[in-house]
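File shown: structure_3.txt. Contents: compact mmCIF, C-alpha atoms.
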# COMPACT_ATOMS: atom_id res chain seq x y z
CA GLY A 712 25.19 -10.65 47.32
CA ALA A 713 28.79 -10.24 46.36
CA VAL A 714 31.34 -11.89 48.60
CA VAL A 715 34.43 -10.56 46.82
CA SER A 716 34.75 -6.87 46.02
CA GLN A 717 37.14 -5.31 43.52
CA HIS A 718 38.02 -1.67 43.10
CA PRO A 719 38.13 0.17 40.82
CA SER A 720 35.81 -1.40 38.27
CA ARG A 721 37.54 0.44 35.46
CA VAL A 722 40.60 2.61 35.17
CA ILE A 723 42.35 4.46 32.39
CA CYS A 724 45.99 5.38 32.84
CA LYS A 725 48.81 6.74 30.78
CA SER A 726 51.65 4.60 29.61
CA GLY A 727 54.46 4.47 32.16
CA THR A 728 52.30 5.05 35.21
CA SER A 729 51.31 2.52 37.87
CA VAL A 730 47.84 1.34 38.78
CA LYS A 731 46.71 -0.38 41.97
CA ILE A 732 43.73 -2.74 42.04
CA GLU A 733 42.18 -3.83 45.33
CA CYS A 734 40.46 -7.10 46.08
CA ARG A 735 38.55 -7.55 49.32
CA SER A 736 36.83 -10.55 50.79
CA LEU A 737 33.58 -9.45 52.40
CA ASP A 738 32.67 -10.96 55.77
CA PHE A 739 35.20 -13.76 55.51
CA GLN A 740 38.92 -14.23 55.76
CA ALA A 741 40.95 -15.36 52.81
CA THR A 742 44.50 -16.53 53.37
CA THR A 743 44.81 -17.11 49.65
CA MET A 744 43.49 -15.05 46.77
CA PHE A 745 44.02 -15.52 43.06
CA TRP A 746 44.57 -12.93 40.34
CA TYR A 747 43.45 -13.64 36.81
CA ARG A 748 43.72 -11.71 33.57
CA GLN A 749 41.38 -11.93 30.61
CA PHE A 750 42.02 -10.52 27.16
CA PRO A 751 39.14 -9.89 24.74
CA LYS A 752 37.45 -13.04 23.47
CA GLN A 753 39.74 -15.23 25.56
CA SER A 754 39.31 -17.20 28.74
CA LEU A 755 40.64 -16.31 32.16
CA MET A 756 44.32 -16.95 32.73
CA LEU A 757 45.79 -17.25 36.20
CA MET A 758 48.50 -14.71 36.84
CA ALA A 759 49.46 -15.30 40.45
CA THR A 760 48.44 -16.65 43.81
CA SER A 761 48.40 -14.14 46.62
CA ASN A 762 49.29 -15.49 50.05
CA GLU A 763 48.62 -13.58 53.23
CA GLY A 764 51.83 -12.90 55.10
CA SER A 765 54.14 -14.31 52.46
CA LYS A 766 55.27 -13.76 48.92
CA ALA A 767 52.95 -14.30 46.02
CA THR A 768 53.59 -17.13 43.61
CA TYR A 769 53.50 -16.23 39.93
CA GLU A 770 52.59 -18.29 36.91
CA GLN A 771 55.16 -18.86 34.23
CA GLY A 772 55.58 -15.85 32.01
CA VAL A 773 54.15 -13.34 34.50
CA GLU A 774 56.73 -10.78 35.62
CA LYS A 775 56.71 -10.45 39.38
CA ASP A 776 58.43 -7.08 39.28
CA LYS A 777 55.79 -5.70 36.96
CA PHE A 778 52.73 -7.11 38.69
CA LEU A 779 53.29 -6.46 42.38
CA ILE A 780 51.02 -8.30 44.75
CA ASN A 781 50.57 -7.44 48.40
CA HIS A 782 48.32 -9.52 50.65
CA ALA A 783 48.60 -7.38 53.73
CA SER A 784 45.61 -8.69 55.63
CA LEU A 785 43.21 -11.61 55.64
CA THR A 786 40.64 -9.59 53.72
CA LEU A 787 42.70 -7.54 51.28
CA SER A 788 45.00 -8.27 48.39
CA THR A 789 46.28 -5.64 45.99
CA LEU A 790 47.69 -5.94 42.50
CA THR A 791 49.83 -3.07 41.24
CA VAL A 792 50.60 -2.89 37.55
CA THR A 793 53.84 -0.95 37.40
CA SER A 794 55.05 1.05 34.43
CA ALA A 795 51.93 0.12 32.53
CA HIS A 796 52.03 -0.26 28.76
CA PRO A 797 49.18 -0.51 26.27
CA GLU A 798 49.67 -4.30 26.05
CA ASP A 799 48.77 -4.48 29.77
CA SER A 800 45.28 -3.32 28.91
CA SER A 801 43.06 -6.17 30.03
CA PHE A 802 40.35 -7.32 32.40
CA TYR A 803 41.84 -8.21 35.80
CA ILE A 804 39.82 -10.41 38.14
CA CYS A 805 40.52 -11.64 41.64
CA SER A 806 39.03 -14.56 43.50
CA ALA A 807 38.97 -16.06 46.96
CA ARG A 808 37.57 -19.15 48.57
CA MET A 809 34.77 -18.69 51.03
CA GLY A 810 34.33 -21.51 53.47
CA PHE A 811 36.61 -24.00 55.15
CA SER A 812 35.58 -27.15 53.36
CA ASP A 813 38.14 -28.58 50.98
CA ASN A 814 35.67 -28.30 48.12
CA SER A 815 34.37 -24.82 48.89
CA PRO A 816 34.02 -22.90 45.63
CA LEU A 817 36.05 -19.87 44.67
CA HIS A 818 34.15 -16.61 44.39
CA PHE A 819 35.20 -13.88 42.02
CA GLY A 820 35.21 -10.14 42.07
CA ASN A 821 33.52 -8.21 39.31
CA GLY A 822 36.80 -7.42 37.63
CA THR A 823 38.75 -4.29 36.79
CA ARG A 824 38.94 -3.08 33.21
CA LEU A 825 42.36 -1.50 32.72
CA THR A 826 43.02 0.65 29.67
CA VAL A 827 46.53 2.01 29.16
CA THR A 828 46.78 4.85 26.69
CA ASP B 723 43.21 -31.39 37.33
CA ALA B 724 41.25 -33.23 34.65
CA LYS B 725 40.58 -31.54 31.33
CA THR B 726 37.03 -30.73 30.26
CA THR B 727 35.41 -30.49 26.84
CA GLN B 728 32.40 -28.28 26.15
CA PRO B 729 30.62 -27.24 22.96
CA PRO B 730 31.67 -23.73 21.99
CA SER B 731 28.14 -22.40 21.68
CA MET B 732 24.49 -23.24 22.24
CA ASP B 733 21.16 -21.51 21.79
CA CYS B 734 18.10 -21.92 23.94
CA ALA B 735 14.61 -20.46 23.73
CA GLU B 736 13.53 -18.26 26.57
CA GLY B 737 11.48 -20.16 29.12
CA ARG B 738 12.81 -23.54 28.04
CA ALA B 739 15.35 -25.64 29.87
CA ALA B 740 18.97 -25.13 28.90
CA ASN B 741 21.06 -28.29 29.07
CA LEU B 742 24.79 -27.66 28.91
CA PRO B 743 26.99 -30.73 28.51
CA CYS B 744 30.53 -31.26 29.70
CA ASN B 745 32.88 -34.16 29.13
CA HIS B 746 35.55 -34.95 31.69
CA SER B 747 36.54 -38.48 30.82
CA THR B 748 39.85 -38.34 32.72
CA ILE B 749 38.31 -37.24 36.00
CA SER B 750 39.75 -38.91 39.08
CA GLY B 751 38.03 -39.98 42.25
CA ASN B 752 38.73 -36.91 44.34
CA GLU B 753 37.90 -34.33 41.69
CA TYR B 754 34.79 -32.23 41.86
CA VAL B 755 32.88 -30.75 38.94
CA TYR B 756 32.30 -27.01 39.23
CA TRP B 757 30.20 -24.78 37.03
CA TYR B 758 30.66 -21.06 36.67
CA ARG B 759 29.26 -18.55 34.26
CA GLN B 760 30.54 -15.21 33.06
CA ILE B 761 28.20 -12.57 31.83
CA HIS B 762 29.86 -10.09 29.50
CA SER B 763 32.31 -7.75 31.25
CA GLN B 764 31.70 -9.26 34.68
CA GLY B 765 33.63 -11.64 36.89
CA PRO B 766 32.72 -15.33 36.86
CA GLN B 767 29.75 -16.32 38.99
CA TYR B 768 29.69 -19.60 40.88
CA ILE B 769 26.69 -21.76 39.98
CA ILE B 770 26.99 -25.22 41.46
CA HIS B 771 29.39 -28.08 42.11
CA GLY B 772 29.25 -31.78 42.84
CA LEU B 773 31.28 -34.93 43.28
CA LYS B 774 29.11 -37.84 42.17
CA ASN B 775 25.56 -37.19 43.30
CA ASN B 776 23.22 -34.94 41.40
CA GLU B 777 22.93 -31.52 42.92
CA THR B 778 20.30 -28.80 42.80
CA ASN B 779 20.20 -25.26 44.08
CA GLU B 780 18.21 -22.14 43.35
CA MET B 781 20.12 -21.49 40.14
CA ALA B 782 20.53 -24.83 38.47
CA SER B 783 20.76 -28.60 38.62
CA LEU B 784 23.89 -30.64 38.03
CA ILE B 785 23.55 -34.13 36.68
CA ILE B 786 26.69 -36.29 36.85
CA THR B 787 26.77 -39.63 35.06
CA GLU B 788 27.38 -42.73 37.09
CA ASP B 789 30.87 -43.19 35.66
CA ARG B 790 31.50 -39.48 36.32
CA LYS B 791 32.94 -38.99 32.86
CA SER B 792 30.42 -36.37 31.90
CA SER B 793 27.93 -34.00 33.42
CA THR B 794 25.11 -31.68 32.41
CA LEU B 795 24.19 -28.34 33.85
CA ILE B 796 20.49 -27.66 33.64
CA LEU B 797 18.94 -24.22 33.84
CA PRO B 798 15.28 -25.17 34.20
CA HIS B 799 13.68 -22.03 32.78
CA ALA B 800 16.21 -19.98 30.87
CA THR B 801 15.80 -16.21 30.75
CA LEU B 802 17.55 -13.62 28.62
CA ARG B 803 19.74 -12.80 31.61
CA ASP B 804 21.16 -16.31 31.51
CA THR B 805 23.01 -15.46 28.30
CA ALA B 806 26.65 -15.96 29.28
CA VAL B 807 29.72 -18.12 28.85
CA TYR B 808 29.40 -21.22 31.00
CA TYR B 809 32.53 -22.92 32.28
CA CYS B 810 32.74 -26.51 33.45
CA ILE B 811 35.83 -27.01 35.61
CA VAL B 812 37.15 -30.09 37.31
CA ARG B 813 39.24 -29.61 40.38
CA ALA B 814 40.48 -31.78 43.18
CA ALA B 815 39.44 -30.87 46.68
CA SER B 816 42.29 -29.19 48.48
CA SER B 817 43.37 -29.48 52.02
CA GLY B 818 44.73 -26.37 53.60
CA SER B 819 45.00 -23.44 51.24
CA ALA B 820 42.71 -23.07 48.28
CA ARG B 821 43.63 -24.28 44.85
CA GLN B 822 43.12 -22.18 41.80
CA LEU B 823 40.66 -22.90 39.00
CA THR B 824 41.78 -23.49 35.44
CA PHE B 825 39.35 -22.10 32.90
CA GLY B 826 38.82 -23.58 29.48
CA SER B 827 36.94 -21.96 26.62
CA GLY B 828 33.47 -22.65 27.99
CA THR B 829 30.13 -22.67 26.19
CA GLN B 830 28.55 -19.45 25.00
CA LEU B 831 24.87 -19.87 25.81
CA THR B 832 22.56 -17.49 24.02
CA VAL B 833 18.98 -17.38 25.23
CA LEU B 834 16.70 -16.29 22.42
CA PRO B 835 13.45 -14.38 22.94

How does this structure look as structure tokens?
Amino acid sequence: GAVVSQHPSRVICKSGTSVKIECRSLDFQATTMFWYRQFPKQSLMLMATSNEGSKATYEQGVEKDKFLINHASLTLSTLTVTSAHPEDSSFYICSARMGFSDNSPLHFGNGTRLTVT
Amino acid sequence: DAKTTQPPSMDCAEGRAANLPCNHSTISGNEYVYWYRQIHSQGPQYIIHGLKNNETNEMASLIITEDRKSSTLILPHATLRDTAVYYCIVRAASSGSARQLTFGSGTQLTVLP
């Protein structure tokens, strides 16, 4: 079964509004979660690394004031797209590592399809 | 992390084995080979990973060459539901916090009826 849960699975919002996406690790604690974005017919691109209890680290070109990340607990990270524009329409996916081994694989949520009208 | 090269697309007949190749000629000693797949409009699904020994689980087998410069993911009896983009990713084991995965273009596997 799924070990990482994302909500909502799809959302439509109007331009200028904000949207919050939740990512939960199920039955395990994740001090670090990752947020990816995927545009149509492209591969996943890392946006930011979410760290429990500290600030997120963002990849080059990703605006931290536009994509707010809050990792408030060991099982929950949220991504808020603020003042959304149509070009923010994309597939957003989070991931977390389950297991304590250095080579434990990352597991991914089922993604959130964001459409900004 | 080492770069990987995969064919952009492959077809496979339903019920036959699907063999997906991956080149990672610059892999270093502490880097693992991970395989994920992404079915359309879903998040990536972990399949298998290995360091140097061949690995098998309920989904697939991973064959890594002795020099570790390439690997093959084998789906022993492909079904239509195995149609997906398959990603081969090389990543060093991390100590402490997790390290992210860098996705390439992957291989679009189409299983034909």

Pick out the chain A residues within 7 Å of chain B. Count only C-alpha atoms. Give them as a PDB file with C-alpha atoms, keeping the file's coordinate frame.
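File part.pdb, as written:
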ATOM      1  CA  THR A 743      44.810 -17.110  49.650  1.00  0.00           C
ATOM      2  CA  PHE A 745      44.020 -15.520  43.060  1.00  0.00           C
ATOM      3  CA  SER A 754      39.310 -17.200  28.740  1.00  0.00           C
ATOM      4  CA  LEU A 755      40.640 -16.310  32.160  1.00  0.00           C
ATOM      5  CA  ILE A 804      39.820 -10.410  38.140  1.00  0.00           C
ATOM      6  CA  ARG A 808      37.570 -19.150  48.570  1.00  0.00           C
ATOM      7  CA  ASP A 813      38.140 -28.580  50.980  1.00  0.00           C
ATOM      8  CA  ASN A 814      35.670 -28.300  48.120  1.00  0.00           C
ATOM      9  CA  HIS A 818      34.150 -16.610  44.390  1.00  0.00           C
ATOM     10  CA  PHE A 819      35.200 -13.880  42.020  1.00  0.00           C
ATOM     11  CA  GLY A 820      35.210 -10.140  42.070  1.00  0.00           C
ATOM     12  CA  ASN A 821      33.520  -8.210  39.310  1.00  0.00           C
ATOM     13  CA  GLY A 822      36.800  -7.420  37.630  1.00  0.00           C
TER      14      GLY A 822
END

Leaving out Val722 (chain A) and any residue of its chain fewer than 2 positions from it, which residues lie within 9 Å of it when counting all atoms listed in the file, given as a PyMOL selection string?
-> chain A and resi 719-720+724+730+823-827

Would you mind reading off the distance between CA of Arg738 (chain B) and CA of Pro816 (chain A), one decimal, in Å?
->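 About the pair CA of Arg738 (chain B) and CA of Pro816 (chain A): they are 27.6 Å apart.
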
Find the residue from B:Ile796, B:Cys744, B:Ile761, B:Ala782 that sits nearest to Cys810 (chain B); use only C-alpha atoms when measuring.
-> B:Cys744

How would you write as a list in words the residues that get within 7 Å of (36.5, -30.5, 28.9) in the file's frame, counting only C-alpha atoms?
->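 Answer for this query, in the requested form: Lys725, Thr726, Thr727, Gln728, Cys744, Asn745 and His746 of chain B.
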